[in-house]
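Here's the structure we're looking at; comments come further down.
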Amino acid sequence: MVDEKKQEFTRRISQANTTDMVVVIYDIAISYIDDVKSAIEESDQNKFMANIVRIRSCINELIGSLNYDYSPAGELLQLYIYCSRRLAAVQMRKDADALSEIRSIMVRLRDAYAQIADTNTSGPVMSNSENVYAGLTYGRGTLNEDVLGTPNRGFLA
């Protein structure tokens with residue numbers, strides 16, 4: 001994953017509510033899936049294994065975020081377990097079809113969570129994070145982001 005994407009994900013996480021966080025995790029997992037695909041094409045074993053581990057971490061995080069008080073949690077758990085098993089096939093045989101199947105599932109789930117993210121009116125998970133404002137500045141007409149920091153940067157309540 002390139003540094004620009006890491007910065008984008010970091011910014012999104014700092015401003016996200018609980019549903020947005022799940023969408024970000026899906027986006028990160030999809031990005032790692034794309035990295036695995038490129039590692040297979042480049043025959044880069046180190047990049048391949050590192051990104052497999054990262055995808056597995058994302059799936060584990062998604063499993064940990066499930067709220068079993070609601071009905072779709074059980075079905076989502078089964079999908080995540082299925083993706084984890086298919087990821088094992090990717091790891092053992094470098095199965096591109098299994099990787100595409102995992103990506104397809106992740107994209108559809110991500111889109112579903114993105115649709116309901118607007119209905120979540122809770123505030124950001126990180127209450128003391130920096131505020132990010134985006135807009136045109138006195139530059140050359142490009143979109144710039146400005147971060148207004150707080151002295152404690154989210155470490156104090």
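Please note that chains go A, B, ... in the order of the structure tokens, that every chain numbers its residues from 1, and that ligands are numbered from 1 in the order shown.
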
Point to revise | Contacts of range 38-41 of chain A within 9 Å, only C-alpha atoms, excl. fewer than 6 positions in-chain, as a PyMOL selection string | key: chain A and resi 47-49+51+94+96

Practice item. Quick one: pick out all alpha helix (DSSP H) residues within range 60-106 of chain A from a backbone DSSP run and write them as a PyMOL selection string. Key: chain A and resi 60-64+72-93+96-106

Review point. If you count only C-alpha atoms, which residues fall within 12 Å of Ile116 in chain A, apart from same-chain ones fewer than 3 positions away, as a list in words?
Key: Asn17, Thr18, Thr19, Asp20, Val22, Val23, Leu109, Arg110, Asp111, Ala112, Tyr113, Thr119, Asn120 and Thr121 of chain A

Got time to write the residues from that selection, N, CA and C atoms, as a PDB file, in the first residue's frame?
```pdb
ATOM      1  N   ASN A  17     -17.184   7.317  12.506  1.00  0.00           N
ATOM      2  CA  ASN A  17     -18.011   6.727  13.553  1.00  0.00           C
ATOM      3  C   ASN A  17     -17.892   5.201  13.407  1.00  0.00           C
ATOM      4  N   THR A  18     -18.654   4.455  14.194  1.00  0.00           N
ATOM      5  CA  THR A  18     -18.476   3.001  14.206  1.00  0.00           C
ATOM      6  C   THR A  18     -18.768   2.350  12.851  1.00  0.00           C
ATOM      7  N   THR A  19     -19.800   2.780  12.166  1.00  0.00           N
ATOM      8  CA  THR A  19     -20.120   2.196  10.864  1.00  0.00           C
ATOM      9  C   THR A  19     -19.087   2.593   9.820  1.00  0.00           C
ATOM     10  N   ASP A  20     -18.634   3.837   9.857  1.00  0.00           N
ATOM     11  CA  ASP A  20     -17.590   4.278   8.934  1.00  0.00           C
ATOM     12  C   ASP A  20     -16.302   3.487   9.140  1.00  0.00           C
ATOM     13  N   VAL A  22     -16.031   0.367   9.929  1.00  0.00           N
ATOM     14  CA  VAL A  22     -16.171  -0.911   9.239  1.00  0.00           C
ATOM     15  C   VAL A  22     -15.941  -0.718   7.743  1.00  0.00           C
ATOM     16  N   VAL A  23     -16.468   0.367   7.183  1.00  0.00           N
ATOM     17  CA  VAL A  23     -16.254   0.663   5.765  1.00  0.00           C
ATOM     18  C   VAL A  23     -14.760   0.850   5.482  1.00  0.00           C
ATOM     19  N   LEU A 109     -20.066  -6.280   0.523  1.00  0.00           N
ATOM     20  CA  LEU A 109     -20.323  -5.959   1.929  1.00  0.00           C
ATOM     21  C   LEU A 109     -19.956  -4.517   2.237  1.00  0.00           C
ATOM     22  N   ARG A 110     -18.857  -4.048   1.666  1.00  0.00           N
ATOM     23  CA  ARG A 110     -18.425  -2.660   1.858  1.00  0.00           C
ATOM     24  C   ARG A 110     -19.497  -1.698   1.352  1.00  0.00           C
ATOM     25  N   ASP A 111     -20.035  -1.991   0.167  1.00  0.00           N
ATOM     26  CA  ASP A 111     -21.067  -1.128  -0.410  1.00  0.00           C
ATOM     27  C   ASP A 111     -22.324  -1.108   0.463  1.00  0.00           C
ATOM     28  N   ALA A 112     -22.672  -2.261   1.031  1.00  0.00           N
ATOM     29  CA  ALA A 112     -23.848  -2.323   1.905  1.00  0.00           C
ATOM     30  C   ALA A 112     -23.623  -1.487   3.165  1.00  0.00           C
ATOM     31  N   TYR A 113     -22.440  -1.609   3.769  1.00  0.00           N
ATOM     32  CA  TYR A 113     -22.142  -0.805   4.958  1.00  0.00           C
ATOM     33  C   TYR A 113     -22.067   0.683   4.616  1.00  0.00           C
ATOM     34  N   THR A 119     -26.862   6.628   8.100  1.00  0.00           N
ATOM     35  CA  THR A 119     -27.910   6.570   9.113  1.00  0.00           C
ATOM     36  C   THR A 119     -27.344   6.545  10.532  1.00  0.00           C
ATOM     37  N   ASN A 120     -26.054   6.278  10.659  1.00  0.00           N
ATOM     38  CA  ASN A 120     -25.416   6.263  11.982  1.00  0.00           C
ATOM     39  C   ASN A 120     -25.103   7.698  12.385  1.00  0.00           C
ATOM     40  N   THR A 121     -25.803   8.182  13.385  1.00  0.00           N
ATOM     41  CA  THR A 121     -25.636   9.577  13.803  1.00  0.00           C
ATOM     42  C   THR A 121     -24.704   9.728  14.996  1.00  0.00           C
TER      43      THR A 121
END
```

Review point. What separation in Å, quoted to one decimal, exists between CA of Ser84 in chain A and CA of Ile105 in chain A?
Key: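 It comes out at 11.6 Å.
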
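Reported to one decimal place, the separation of CA of Asp118 in chain A from CA of Asp35 in chain A is 29.1 Å.
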
Exercise for review: Using CA of Cys83 in chain A and CA of Arg108 in chain A as the two end points, give the distance in Å to one decimal.
Suggested key: 12.9 Å

Exercise for review: List every residue of range 38-135 of chain A that DSSP, applied to the backbone of this structure, assigns to strand (DSSP E), and report them as number ranges by chain.
Suggested key: A: 131-135

Practice item. Would you kindly return, as a VMD selection string, each protein, DNA or RNA residue with an atom no farther than 9 Å from any atom of Tyr80 in chain A, considering only C-alpha atoms and excluding same-chain residues fewer than 4 positions away? Key: chain A and resid 59 to 60 62 to 63 75 to 76 84 to 85

Next, dump the selected residues to file, keeping only N, CA and C atoms, as a PDB file, in the first residue's frame.
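Once everything was written out, this is selection_32.pdb:
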```
ATOM      1  N   ILE A  59      -9.864  -9.347   8.248  1.00  0.00           N
ATOM      2  CA  ILE A  59     -11.001 -10.247   8.446  1.00  0.00           C
ATOM      3  C   ILE A  59     -11.226 -10.484   9.936  1.00  0.00           C
ATOM      4  N   ASN A  60     -10.142 -10.689  10.685  1.00  0.00           N
ATOM      5  CA  ASN A  60     -10.272 -10.874  12.131  1.00  0.00           C
ATOM      6  C   ASN A  60     -10.852  -9.633  12.801  1.00  0.00           C
ATOM      7  N   LEU A  62     -12.898  -7.501  11.360  1.00  0.00           N
ATOM      8  CA  LEU A  62     -14.319  -7.484  10.995  1.00  0.00           C
ATOM      9  C   LEU A  62     -15.115  -8.461  11.861  1.00  0.00           C
ATOM     10  N   ILE A  63     -14.532  -9.622  12.126  1.00  0.00           N
ATOM     11  CA  ILE A  63     -15.193 -10.593  13.006  1.00  0.00           C
ATOM     12  C   ILE A  63     -15.350  -9.996  14.404  1.00  0.00           C
ATOM     13  N   GLU A  75     -24.790 -14.402  10.047  1.00  0.00           N
ATOM     14  CA  GLU A  75     -24.555 -14.604   8.622  1.00  0.00           C
ATOM     15  C   GLU A  75     -23.245 -13.949   8.182  1.00  0.00           C
ATOM     16  N   LEU A  76     -22.970 -12.778   8.716  1.00  0.00           N
ATOM     17  CA  LEU A  76     -21.700 -12.117   8.388  1.00  0.00           C
ATOM     18  C   LEU A  76     -20.515 -12.925   8.903  1.00  0.00           C
ATOM     19  N   SER A  84     -11.990 -16.354   5.011  1.00  0.00           N
ATOM     20  CA  SER A  84     -10.746 -16.789   5.639  1.00  0.00           C
ATOM     21  C   SER A  84     -10.291 -18.130   5.069  1.00  0.00           C
ATOM     22  N   ARG A  85     -11.235 -19.031   4.847  1.00  0.00           N
ATOM     23  CA  ARG A  85     -10.895 -20.334   4.237  1.00  0.00           C
ATOM     24  C   ARG A  85     -10.430 -20.171   2.797  1.00  0.00           C
TER      25      ARG A  85
END
```

Practice item. Could you check which of A:Asp69, A:Asp44, A:Asp95, A:Glu61 is closest to Tyr26 in chain A, using only C-alpha atoms? Key: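 Of the candidates, the smallest distance to Tyr26 in chain A is held by A:Glu61.
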